[in-house]
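J.: One file: work_21.pdb (PDB, N, CA and C atoms).
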ATOM      1  N   MET V   1      51.456 236.616 -91.465
ATOM      2  CA  MET V   1      50.296 235.983 -92.029
ATOM      3  C   MET V   1      49.877 236.691 -93.313
ATOM      4  N   LYS V   2      50.074 238.004 -93.340
ATOM      5  CA  LYS V   2      49.700 238.754 -94.535
ATOM      6  C   LYS V   2      50.484 238.251 -95.744
ATOM      7  N   SER V   3      51.754 237.980 -95.549
ATOM      8  CA  SER V   3      52.587 237.470 -96.636
ATOM      9  C   SER V   3      52.087 236.112 -97.118
ATOM     10  N   ALA V   4      51.718 235.256 -96.189
ATOM     11  CA  ALA V   4      51.198 233.934 -96.554
ATOM     12  C   ALA V   4      49.895 234.065 -97.324
ATOM     13  N   ALA V   5      49.052 234.981 -96.895
ATOM     14  CA  ALA V   5      47.779 235.194 -97.583
ATOM     15  C   ALA V   5      48.003 235.733 -98.992
ATOM     16  N   GLU V   6      48.931 236.661 -99.137
ATOM     17  CA  GLU V   6      49.227 237.214-100.459
ATOM     18  C   GLU V   6      49.815 236.144-101.367
ATOM     19  N   ASN V   7      50.662 235.298-100.807
ATOM     20  CA  ASN V   7      51.264 234.210-101.561
ATOM     21  C   ASN V   7      50.197 233.240-102.043
ATOM     22  N   ALA V   8      49.300 232.865-101.162
ATOM     23  CA  ALA V   8      48.223 231.940-101.520
ATOM     24  C   ALA V   8      47.304 232.573-102.560
ATOM     25  N   GLU V   9      47.018 233.847-102.395
ATOM     26  CA  GLU V   9      46.152 234.550-103.352
ATOM     27  C   GLU V   9      46.797 234.597-104.737
ATOM     28  N   SER V  10      48.089 234.835-104.778
ATOM     29  CA  SER V  10      48.811 234.879-106.044
ATOM     30  C   SER V  10      48.756 233.526-106.750
ATOM     31  N   SER V  11      48.987 232.464-106.003
ATOM     32  CA  SER V  11      48.932 231.117-106.584
ATOM     33  C   SER V  11      47.539 230.806-107.104
ATOM     34  N   TYR V  12      46.528 231.127-106.323
ATOM     35  CA  TYR V  12      45.145 230.871-106.724
ATOM     36  C   TYR V  12      44.798 231.655-107.983
ATOM     37  N   SER V  13      45.197 232.903-108.026
ATOM     38  CA  SER V  13      44.912 233.756-109.170
ATOM     39  C   SER V  13      45.578 233.213-110.430
ATOM     40  N   GLN V  14      46.832 232.820-110.296
ATOM     41  CA  GLN V  14      47.562 232.284-111.443
ATOM     42  C   GLN V  14      46.903 231.007-111.967
ATOM     43  N   LEU V  15      46.569 230.097-111.064
ATOM     44  CA  LEU V  15      45.928 228.855-111.475
ATOM     45  C   LEU V  15      44.558 229.114-112.106
ATOM     46  N   SER V  16      43.807 230.032-111.547
ATOM     47  CA  SER V  16      42.484 230.361-112.091
ATOM     48  C   SER V  16      42.583 230.954-113.485
ATOM     49  N   THR V  17      43.547 231.831-113.687
ATOM     50  CA  THR V  17      43.734 232.449-114.998
ATOM     51  C   THR V  17      44.089 231.400-116.044
ATOM     52  N   ILE V  18      44.999 230.515-115.694
ATOM     53  CA  ILE V  18      45.382 229.455-116.638
ATOM     54  C   ILE V  18      44.202 228.541-116.918
ATOM     55  N   GLN V  19      43.451 228.220-115.892
ATOM     56  CA  GLN V  19      42.277 227.361-116.065
ATOM     57  C   GLN V  19      41.283 227.992-117.041
ATOM     58  N   LEU V  20      41.037 229.290-116.899
ATOM     59  CA  LEU V  20      40.123 229.986-117.811
ATOM     60  C   LEU V  20      40.652 229.981-119.246
ATOM     61  N   GLN V  21      41.948 230.184-119.390
ATOM     62  CA  GLN V  21      42.537 230.178-120.723
ATOM     63  C   GLN V  21      42.412 228.803-121.370
ATOM     64  N   ILE V  22      42.604 227.754-120.589
ATOM     65  CA  ILE V  22      42.456 226.397-121.116
ATOM     66  C   ILE V  22      41.002 226.133-121.480
ATOM     67  N   ALA V  23      40.095 226.582-120.647
ATOM     68  CA  ALA V  23      38.673 226.391-120.938
ATOM     69  C   ALA V  23      38.281 227.106-122.232
ATOM     70  N   GLN V  24      38.818 228.275-122.466
ATOM     71  CA  GLN V  24      38.504 229.021-123.683
ATOM     72  C   GLN V  24      39.126 228.381-124.921
ATOM     73  N   ALA V  25      40.198 227.636-124.727
ATOM     74  CA  ALA V  25      40.890 227.003-125.848
ATOM     75  C   ALA V  25      40.278 225.658-126.228
ATOM     76  N   GLN V  26      39.284 225.224-125.495
ATOM     77  CA  GLN V  26      38.673 223.918-125.777
ATOM     78  C   GLN V  26      38.064 223.892-127.158
ATOM     79  N   PRO V  27      38.029 222.766-127.820
ATOM     80  CA  PRO V  27      38.127 221.426-127.263
ATOM     81  C   PRO V  27      39.567 220.932-127.063
ATOM     82  N   VAL V  28      40.576 221.630-127.600
ATOM     83  CA  VAL V  28      41.948 221.149-127.453
ATOM     84  C   VAL V  28      42.833 222.289-126.962
ATOM     85  N   ALA V  29      43.411 222.104-125.788
ATOM     86  CA  ALA V  29      44.347 223.093-125.267
ATOM     87  C   ALA V  29      45.731 222.789-125.825
ATOM     88  N   SER V  30      46.509 223.824-126.065
ATOM     89  CA  SER V  30      47.853 223.622-126.624
ATOM     90  C   SER V  30      48.768 222.973-125.593
ATOM     91  N   SER V  31      49.785 222.313-126.088
ATOM     92  CA  SER V  31      50.741 221.680-125.174
ATOM     93  C   SER V  31      51.467 222.737-124.350
ATOM     94  N   ASP V  32      51.703 223.925-124.919
ATOM     95  CA  ASP V  32      52.342 225.011-124.158
ATOM     96  C   ASP V  32      51.480 225.439-122.972
ATOM     97  N   MET V  33      50.173 225.523-123.212
ATOM     98  CA  MET V  33      49.262 225.915-122.141
ATOM     99  C   MET V  33      49.235 224.849-121.050
ATOM    100  N   LEU V  34      49.246 223.596-121.437
ATOM    101  CA  LEU V  34      49.241 222.517-120.448
ATOM    102  C   LEU V  34      50.554 222.481-119.662
ATOM    103  N   GLN V  35      51.663 222.770-120.323
ATOM    104  CA  GLN V  35      52.947 222.838-119.626
ATOM    105  C   GLN V  35      52.966 224.003-118.643
ATOM    106  N   LEU V  36      52.383 225.117-119.040
ATOM    107  CA  LEU V  36      52.277 226.271-118.144
ATOM    108  C   LEU V  36      51.470 225.895-116.894
ATOM    109  N   LEU V  37      50.386 225.172-117.101
ATOM    110  CA  LEU V  37      49.569 224.708-115.978
ATOM    111  C   LEU V  37      50.366 223.771-115.082
ATOM    112  N   GLU V  38      51.105 222.847-115.669
ATOM    113  CA  GLU V  38      51.916 221.918-114.875
ATOM    114  C   GLU V  38      52.948 222.664-114.029
ATOM    115  N   ARG V  39      53.591 223.669-114.608
ATOM    116  CA  ARG V  39      54.578 224.449-113.850
ATOM    117  C   ARG V  39      53.911 225.240-112.724
ATOM    118  N   ALA V  40      52.746 225.799-112.999
ATOM    119  CA  ALA V  40      52.024 226.554-111.968
ATOM    120  C   ALA V  40      51.607 225.638-110.825
ATOM    121  N   ILE V  41      51.159 224.451-111.154
ATOM    122  CA  ILE V  41      50.785 223.481-110.113
ATOM    123  C   ILE V  41      52.010 223.101-109.291
ATOM    124  N   ALA V  42      53.124 222.848-109.940
ATOM    125  CA  ALA V  42      54.355 222.473-109.231
ATOM    126  C   ALA V  42      54.814 223.593-108.291
ATOM    127  N   ARG V  43      54.757 224.845-108.770
ATOM    128  CA  ARG V  43      55.148 225.974-107.910
ATOM    129  C   ARG V  43      54.223 226.091-106.707
ATOM    130  N   THR V  44      52.943 225.916-106.948
ATOM    131  CA  THR V  44      51.971 226.014-105.855
ATOM    132  C   THR V  44      52.198 224.901-104.843
ATOM    133  N   GLN V  45      52.406 223.687-105.319
ATOM    134  CA  GLN V  45      52.654 222.573-104.410
ATOM    135  C   GLN V  45      53.935 222.782-103.607
ATOM    136  N   ALA V  46      54.940 223.389-104.215
ATOM    137  CA  ALA V  46      56.195 223.655-103.502
ATOM    138  C   ALA V  46      56.001 224.695-102.401
ATOM    139  N   ARG V  47      55.032 225.596-102.561
ATOM    140  CA  ARG V  47      54.772 226.644-101.570
ATOM    141  C   ARG V  47      53.936 226.162-100.387
ATOM    142  N   ILE V  48      53.242 225.068-100.542
ATOM    143  CA  ILE V  48      52.314 224.605 -99.511
ATOM    144  C   ILE V  48      52.986 224.405 -98.145
ATOM    145  N   PRO V  49      54.142 223.741 -98.052
ATOM    146  CA  PRO V  49      54.746 223.573 -96.718
ATOM    147  C   PRO V  49      55.033 224.899 -96.003
ATOM    148  N   ALA V  50      55.504 225.896 -96.735
ATOM    149  CA  ALA V  50      55.778 227.205 -96.118
ATOM    150  C   ALA V  50      54.485 227.872 -95.660
ATOM    151  N   LEU V  51      53.441 227.755 -96.463
ATOM    152  CA  LEU V  51      52.161 228.321 -96.068
ATOM    153  C   LEU V  51      51.613 227.624 -94.825
ATOM    154  N   GLU V  52      51.744 226.308 -94.782
ATOM    155  CA  GLU V  52      51.286 225.563 -93.602
ATOM    156  C   GLU V  52      52.062 225.983 -92.355
ATOM    157  N   ARG V  53      53.381 226.186 -92.494
ATOM    158  CA  ARG V  53      54.182 226.640 -91.346
ATOM    159  C   ARG V  53      53.719 228.016 -90.877
ATOM    160  N   SER V  54      53.442 228.903 -91.812
ATOM    161  CA  SER V  54      52.968 230.242 -91.444
ATOM    162  C   SER V  54      51.650 230.166 -90.683
ATOM    163  N   ILE V  55      50.762 229.335 -91.142
ATOM    164  CA  ILE V  55      49.472 229.168 -90.467
ATOM    165  C   ILE V  55      49.672 228.608 -89.068
ATOM    166  N   GLU V  56      50.541 227.622 -88.935
ATOM    167  CA  GLU V  56      50.807 227.042 -87.610
ATOM    168  C   GLU V  56      51.410 228.075 -86.661
ATOM    169  N   GLU V  57      52.298 228.922 -87.163
ATOM    170  CA  GLU V  57      52.895 229.969 -86.330
ATOM    171  C   GLU V  57      51.835 230.936 -85.823
ATOM    172  N   VAL V  58      50.921 231.321 -86.683
ATOM    173  CA  VAL V  58      49.847 232.235 -86.277
ATOM    174  C   VAL V  58      48.951 231.552 -85.251
ATOM    175  N   LYS V  59      48.630 230.296 -85.481
ATOM    176  CA  LYS V  59      47.778 229.571 -84.538
ATOM    177  C   LYS V  59      48.439 229.503 -83.154
ATOM    178  N   MET V  60      49.751 229.253 -83.130
ATOM    179  CA  MET V  60      50.459 229.190 -81.844
ATOM    180  C   MET V  60      50.514 230.572 -81.190
ATOM    181  N   GLU V  61      50.767 231.603 -81.996
ATOM    182  CA  GLU V  61      50.881 232.961 -81.464
ATOM    183  C   GLU V  61      49.575 233.434 -80.820
ATOM    184  N   TYR V  62      48.452 233.051 -81.406
ATOM    185  CA  TYR V  62      47.152 233.492 -80.898
ATOM    186  C   TYR V  62      46.420 232.398 -80.134
ATOM    187  N   ASN V  63      47.128 231.319 -79.814
ATOM    188  CA  ASN V  63      46.538 230.201 -79.052
ATOM    189  C   ASN V  63      45.250 229.693 -79.679
ATOM    190  N   LEU V  64      45.288 229.483 -80.983
ATOM    191  CA  LEU V  64      44.133 228.960 -81.699
ATOM    192  C   LEU V  64      44.237 227.440 -81.821
ATOM    193  N   PRO V  65      43.104 226.756 -81.912
ATOM    194  CA  PRO V  65      43.166 225.290 -82.035
ATOM    195  C   PRO V  65      43.707 224.836 -83.380
TER     196      PRO V  65
END
For this file, produce the structure as C-alpha cells.

T.:
Amino acid sequence: MKSAAENAESSYSQLSTIQLQIAQAQPVASSDMLQLLERAIARTQARIPALERSIEEVKMEYNLP
C-alpha cells in the first residue's frame, strides 16, 4: 500500500506543479506546457488500474468494505 500511496502522491504532485506553471503562464500557456500536461494526465490515467488493484488487495487483506 505504501508503494501505491507514493505513486499516487507522485502523480498528484506532478499534475499540481504543471497546473501552477500553466496558471502562471496565463493568459496563454505554451503548446509545450500543454503537451507536458497531456502526457502527465495520460501517465496518471494509465496508473489508475494498478492503484485500484492495490487498494482492493489491502481491503481484502484487512477485511474492509

J.: Would you mind reading off the distance between CA of Gln14 (chain V) and CA of Met33 (chain V), one decimal, in Å?

T.: 12.6 Å

J.: Identify which of the residues V:Asn7, V:Ala42, V:Glu52, V:Leu37 lies closest to Gln21 (chain V), counting only C-alpha atoms when measuring atom-to-atom distances.

T.: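 Of all the options, V:Leu37 lies closest to Gln21 (chain V).
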
J.: Determine which residues of chain V receive a DSSP assignment of alpha helix (DSSP H), computed from the backbone, and state them as a PDB file with N, CA and C atoms, in the coordinates of the input.

T.:
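Printed below is out33.pdb as written:
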ATOM      1  N   LYS V   2      50.074 238.004 -93.340  1.00  0.00           N
ATOM      2  CA  LYS V   2      49.700 238.754 -94.535  1.00  0.00           C
ATOM      3  C   LYS V   2      50.484 238.251 -95.744  1.00  0.00           C
ATOM      4  N   SER V   3      51.754 237.980 -95.549  1.00  0.00           N
ATOM      5  CA  SER V   3      52.587 237.470 -96.636  1.00  0.00           C
ATOM      6  C   SER V   3      52.087 236.112 -97.118  1.00  0.00           C
ATOM      7  N   ALA V   4      51.718 235.256 -96.189  1.00  0.00           N
ATOM      8  CA  ALA V   4      51.198 233.934 -96.554  1.00  0.00           C
ATOM      9  C   ALA V   4      49.895 234.065 -97.324  1.00  0.00           C
ATOM     10  N   ALA V   5      49.052 234.981 -96.895  1.00  0.00           N
ATOM     11  CA  ALA V   5      47.779 235.194 -97.583  1.00  0.00           C
ATOM     12  C   ALA V   5      48.003 235.733 -98.992  1.00  0.00           C
ATOM     13  N   GLU V   6      48.931 236.661 -99.137  1.00  0.00           N
ATOM     14  CA  GLU V   6      49.227 237.214-100.459  1.00  0.00           C
ATOM     15  C   GLU V   6      49.815 236.144-101.367  1.00  0.00           C
ATOM     16  N   ASN V   7      50.662 235.298-100.807  1.00  0.00           N
ATOM     17  CA  ASN V   7      51.264 234.210-101.561  1.00  0.00           C
ATOM     18  C   ASN V   7      50.197 233.240-102.043  1.00  0.00           C
ATOM     19  N   ALA V   8      49.300 232.865-101.162  1.00  0.00           N
ATOM     20  CA  ALA V   8      48.223 231.940-101.520  1.00  0.00           C
ATOM     21  C   ALA V   8      47.304 232.573-102.560  1.00  0.00           C
ATOM     22  N   GLU V   9      47.018 233.847-102.395  1.00  0.00           N
ATOM     23  CA  GLU V   9      46.152 234.550-103.352  1.00  0.00           C
ATOM     24  C   GLU V   9      46.797 234.597-104.737  1.00  0.00           C
ATOM     25  N   SER V  10      48.089 234.835-104.778  1.00  0.00           N
ATOM     26  CA  SER V  10      48.811 234.879-106.044  1.00  0.00           C
ATOM     27  C   SER V  10      48.756 233.526-106.750  1.00  0.00           C
ATOM     28  N   SER V  11      48.987 232.464-106.003  1.00  0.00           N
ATOM     29  CA  SER V  11      48.932 231.117-106.584  1.00  0.00           C
ATOM     30  C   SER V  11      47.539 230.806-107.104  1.00  0.00           C
ATOM     31  N   TYR V  12      46.528 231.127-106.323  1.00  0.00           N
ATOM     32  CA  TYR V  12      45.145 230.871-106.724  1.00  0.00           C
ATOM     33  C   TYR V  12      44.798 231.655-107.983  1.00  0.00           C
ATOM     34  N   SER V  13      45.197 232.903-108.026  1.00  0.00           N
ATOM     35  CA  SER V  13      44.912 233.756-109.170  1.00  0.00           C
ATOM     36  C   SER V  13      45.578 233.213-110.430  1.00  0.00           C
ATOM     37  N   GLN V  14      46.832 232.820-110.296  1.00  0.00           N
ATOM     38  CA  GLN V  14      47.562 232.284-111.443  1.00  0.00           C
ATOM     39  C   GLN V  14      46.903 231.007-111.967  1.00  0.00           C
ATOM     40  N   LEU V  15      46.569 230.097-111.064  1.00  0.00           N
ATOM     41  CA  LEU V  15      45.928 228.855-111.475  1.00  0.00           C
ATOM     42  C   LEU V  15      44.558 229.114-112.106  1.00  0.00           C
ATOM     43  N   SER V  16      43.807 230.032-111.547  1.00  0.00           N
ATOM     44  CA  SER V  16      42.484 230.361-112.091  1.00  0.00           C
ATOM     45  C   SER V  16      42.583 230.954-113.485  1.00  0.00           C
ATOM     46  N   THR V  17      43.547 231.831-113.687  1.00  0.00           N
ATOM     47  CA  THR V  17      43.734 232.449-114.998  1.00  0.00           C
ATOM     48  C   THR V  17      44.089 231.400-116.044  1.00  0.00           C
ATOM     49  N   ILE V  18      44.999 230.515-115.694  1.00  0.00           N
ATOM     50  CA  ILE V  18      45.382 229.455-116.638  1.00  0.00           C
ATOM     51  C   ILE V  18      44.202 228.541-116.918  1.00  0.00           C
ATOM     52  N   GLN V  19      43.451 228.220-115.892  1.00  0.00           N
ATOM     53  CA  GLN V  19      42.277 227.361-116.065  1.00  0.00           C
ATOM     54  C   GLN V  19      41.283 227.992-117.041  1.00  0.00           C
ATOM     55  N   LEU V  20      41.037 229.290-116.899  1.00  0.00           N
ATOM     56  CA  LEU V  20      40.123 229.986-117.811  1.00  0.00           C
ATOM     57  C   LEU V  20      40.652 229.981-119.246  1.00  0.00           C
ATOM     58  N   GLN V  21      41.948 230.184-119.390  1.00  0.00           N
ATOM     59  CA  GLN V  21      42.537 230.178-120.723  1.00  0.00           C
ATOM     60  C   GLN V  21      42.412 228.803-121.370  1.00  0.00           C
ATOM     61  N   ILE V  22      42.604 227.754-120.589  1.00  0.00           N
ATOM     62  CA  ILE V  22      42.456 226.397-121.116  1.00  0.00           C
ATOM     63  C   ILE V  22      41.002 226.133-121.480  1.00  0.00           C
ATOM     64  N   ALA V  23      40.095 226.582-120.647  1.00  0.00           N
ATOM     65  CA  ALA V  23      38.673 226.391-120.938  1.00  0.00           C
ATOM     66  C   ALA V  23      38.281 227.106-122.232  1.00  0.00           C
ATOM     67  N   GLN V  24      38.818 228.275-122.466  1.00  0.00           N
ATOM     68  CA  GLN V  24      38.504 229.021-123.683  1.00  0.00           C
ATOM     69  C   GLN V  24      39.126 228.381-124.921  1.00  0.00           C
ATOM     70  N   SER V  31      49.785 222.313-126.088  1.00  0.00           N
ATOM     71  CA  SER V  31      50.741 221.680-125.174  1.00  0.00           C
ATOM     72  C   SER V  31      51.467 222.737-124.350  1.00  0.00           C
ATOM     73  N   ASP V  32      51.703 223.925-124.919  1.00  0.00           N
ATOM     74  CA  ASP V  32      52.342 225.011-124.158  1.00  0.00           C
ATOM     75  C   ASP V  32      51.480 225.439-122.972  1.00  0.00           C
ATOM     76  N   MET V  33      50.173 225.523-123.212  1.00  0.00           N
ATOM     77  CA  MET V  33      49.262 225.915-122.141  1.00  0.00           C
ATOM     78  C   MET V  33      49.235 224.849-121.050  1.00  0.00           C
ATOM     79  N   LEU V  34      49.246 223.596-121.437  1.00  0.00           N
ATOM     80  CA  LEU V  34      49.241 222.517-120.448  1.00  0.00           C
ATOM     81  C   LEU V  34      50.554 222.481-119.662  1.00  0.00           C
ATOM     82  N   GLN V  35      51.663 222.770-120.323  1.00  0.00           N
ATOM     83  CA  GLN V  35      52.947 222.838-119.626  1.00  0.00           C
ATOM     84  C   GLN V  35      52.966 224.003-118.643  1.00  0.00           C
ATOM     85  N   LEU V  36      52.383 225.117-119.040  1.00  0.00           N
ATOM     86  CA  LEU V  36      52.277 226.271-118.144  1.00  0.00           C
ATOM     87  C   LEU V  36      51.470 225.895-116.894  1.00  0.00           C
ATOM     88  N   LEU V  37      50.386 225.172-117.101  1.00  0.00           N
ATOM     89  CA  LEU V  37      49.569 224.708-115.978  1.00  0.00           C
ATOM     90  C   LEU V  37      50.366 223.771-115.082  1.00  0.00           C
ATOM     91  N   GLU V  38      51.105 222.847-115.669  1.00  0.00           N
ATOM     92  CA  GLU V  38      51.916 221.918-114.875  1.00  0.00           C
ATOM     93  C   GLU V  38      52.948 222.664-114.029  1.00  0.00           C
ATOM     94  N   ARG V  39      53.591 223.669-114.608  1.00  0.00           N
ATOM     95  CA  ARG V  39      54.578 224.449-113.850  1.00  0.00           C
ATOM     96  C   ARG V  39      53.911 225.240-112.724  1.00  0.00           C
ATOM     97  N   ALA V  40      52.746 225.799-112.999  1.00  0.00           N
ATOM     98  CA  ALA V  40      52.024 226.554-111.968  1.00  0.00           C
ATOM     99  C   ALA V  40      51.607 225.638-110.825  1.00  0.00           C
ATOM    100  N   ILE V  41      51.159 224.451-111.154  1.00  0.00           N
ATOM    101  CA  ILE V  41      50.785 223.481-110.113  1.00  0.00           C
ATOM    102  C   ILE V  41      52.010 223.101-109.291  1.00  0.00           C
ATOM    103  N   ALA V  42      53.124 222.848-109.940  1.00  0.00           N
ATOM    104  CA  ALA V  42      54.355 222.473-109.231  1.00  0.00           C
ATOM    105  C   ALA V  42      54.814 223.593-108.291  1.00  0.00           C
ATOM    106  N   ARG V  43      54.757 224.845-108.770  1.00  0.00           N
ATOM    107  CA  ARG V  43      55.148 225.974-107.910  1.00  0.00           C
ATOM    108  C   ARG V  43      54.223 226.091-106.707  1.00  0.00           C
ATOM    109  N   THR V  44      52.943 225.916-106.948  1.00  0.00           N
ATOM    110  CA  THR V  44      51.971 226.014-105.855  1.00  0.00           C
ATOM    111  C   THR V  44      52.198 224.901-104.843  1.00  0.00           C
ATOM    112  N   GLN V  45      52.406 223.687-105.319  1.00  0.00           N
ATOM    113  CA  GLN V  45      52.654 222.573-104.410  1.00  0.00           C
ATOM    114  C   GLN V  45      53.935 222.782-103.607  1.00  0.00           C
ATOM    115  N   ALA V  46      54.940 223.389-104.215  1.00  0.00           N
ATOM    116  CA  ALA V  46      56.195 223.655-103.502  1.00  0.00           C
ATOM    117  C   ALA V  46      56.001 224.695-102.401  1.00  0.00           C
ATOM    118  N   ARG V  47      55.032 225.596-102.561  1.00  0.00           N
ATOM    119  CA  ARG V  47      54.772 226.644-101.570  1.00  0.00           C
ATOM    120  C   ARG V  47      53.936 226.162-100.387  1.00  0.00           C
ATOM    121  N   ILE V  48      53.242 225.068-100.542  1.00  0.00           N
ATOM    122  CA  ILE V  48      52.314 224.605 -99.511  1.00  0.00           C
ATOM    123  C   ILE V  48      52.986 224.405 -98.145  1.00  0.00           C
ATOM    124  N   PRO V  49      54.142 223.741 -98.052  1.00  0.00           N
ATOM    125  CA  PRO V  49      54.746 223.573 -96.718  1.00  0.00           C
ATOM    126  C   PRO V  49      55.033 224.899 -96.003  1.00  0.00           C
ATOM    127  N   ALA V  50      55.504 225.896 -96.735  1.00  0.00           N
ATOM    128  CA  ALA V  50      55.778 227.205 -96.118  1.00  0.00           C
ATOM    129  C   ALA V  50      54.485 227.872 -95.660  1.00  0.00           C
ATOM    130  N   LEU V  51      53.441 227.755 -96.463  1.00  0.00           N
ATOM    131  CA  LEU V  51      52.161 228.321 -96.068  1.00  0.00           C
ATOM    132  C   LEU V  51      51.613 227.624 -94.825  1.00  0.00           C
ATOM    133  N   GLU V  52      51.744 226.308 -94.782  1.00  0.00           N
ATOM    134  CA  GLU V  52      51.286 225.563 -93.602  1.00  0.00           C
ATOM    135  C   GLU V  52      52.062 225.983 -92.355  1.00  0.00           C
ATOM    136  N   ARG V  53      53.381 226.186 -92.494  1.00  0.00           N
ATOM    137  CA  ARG V  53      54.182 226.640 -91.346  1.00  0.00           C
ATOM    138  C   ARG V  53      53.719 228.016 -90.877  1.00  0.00           C
ATOM    139  N   SER V  54      53.442 228.903 -91.812  1.00  0.00           N
ATOM    140  CA  SER V  54      52.968 230.242 -91.444  1.00  0.00           C
ATOM    141  C   SER V  54      51.650 230.166 -90.683  1.00  0.00           C
ATOM    142  N   ILE V  55      50.762 229.335 -91.142  1.00  0.00           N
ATOM    143  CA  ILE V  55      49.472 229.168 -90.467  1.00  0.00           C
ATOM    144  C   ILE V  55      49.672 228.608 -89.068  1.00  0.00           C
ATOM    145  N   GLU V  56      50.541 227.622 -88.935  1.00  0.00           N
ATOM    146  CA  GLU V  56      50.807 227.042 -87.610  1.00  0.00           C
ATOM    147  C   GLU V  56      51.410 228.075 -86.661  1.00  0.00           C
ATOM    148  N   GLU V  57      52.298 228.922 -87.163  1.00  0.00           N
ATOM    149  CA  GLU V  57      52.895 229.969 -86.330  1.00  0.00           C
ATOM    150  C   GLU V  57      51.835 230.936 -85.823  1.00  0.00           C
ATOM    151  N   VAL V  58      50.921 231.321 -86.683  1.00  0.00           N
ATOM    152  CA  VAL V  58      49.847 232.235 -86.277  1.00  0.00           C
ATOM    153  C   VAL V  58      48.951 231.552 -85.251  1.00  0.00           C
ATOM    154  N   LYS V  59      48.630 230.296 -85.481  1.00  0.00           N
ATOM    155  CA  LYS V  59      47.778 229.571 -84.538  1.00  0.00           C
ATOM    156  C   LYS V  59      48.439 229.503 -83.154  1.00  0.00           C
ATOM    157  N   MET V  60      49.751 229.253 -83.130  1.00  0.00           N
ATOM    158  CA  MET V  60      50.459 229.190 -81.844  1.00  0.00           C
ATOM    159  C   MET V  60      50.514 230.572 -81.190  1.00  0.00           C
ATOM    160  N   GLU V  61      50.767 231.603 -81.996  1.00  0.00           N
ATOM    161  CA  GLU V  61      50.881 232.961 -81.464  1.00  0.00           C
ATOM    162  C   GLU V  61      49.575 233.434 -80.820  1.00  0.00           C
TER     163      GLU V  61
END

J.: Could you please determine the separation between atom C of Lys59 (chain V) and CA of Lys2 (chain V) in Å, to one decimal place?

T.: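 About the pair atom C of Lys59 (chain V) and CA of Lys2 (chain V): they are 14.7 Å apart.
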
J.: Enter the distance from CA of Ile41 (chain V) to CA of Glu6 (chain V), in Å, rounded to one decimal.

T.: 16.9 Å

J.: List the residues selected by the PyMOL selection byres (((chain V and resi 11 and name CA) around 10) and name CA) in the file shown, writing them as number ranges by chain.

T.: V: 5-10, 12-17, 40-41, 43-45, 47

J.: Which one of V:Met60, V:Ala4, V:Ile18, V:Ala25 sits closest to Glu38 (chain V) if you count only C-alpha atoms?

T.: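 Closest to Glu38 (chain V) of all the choices is V:Ile18.
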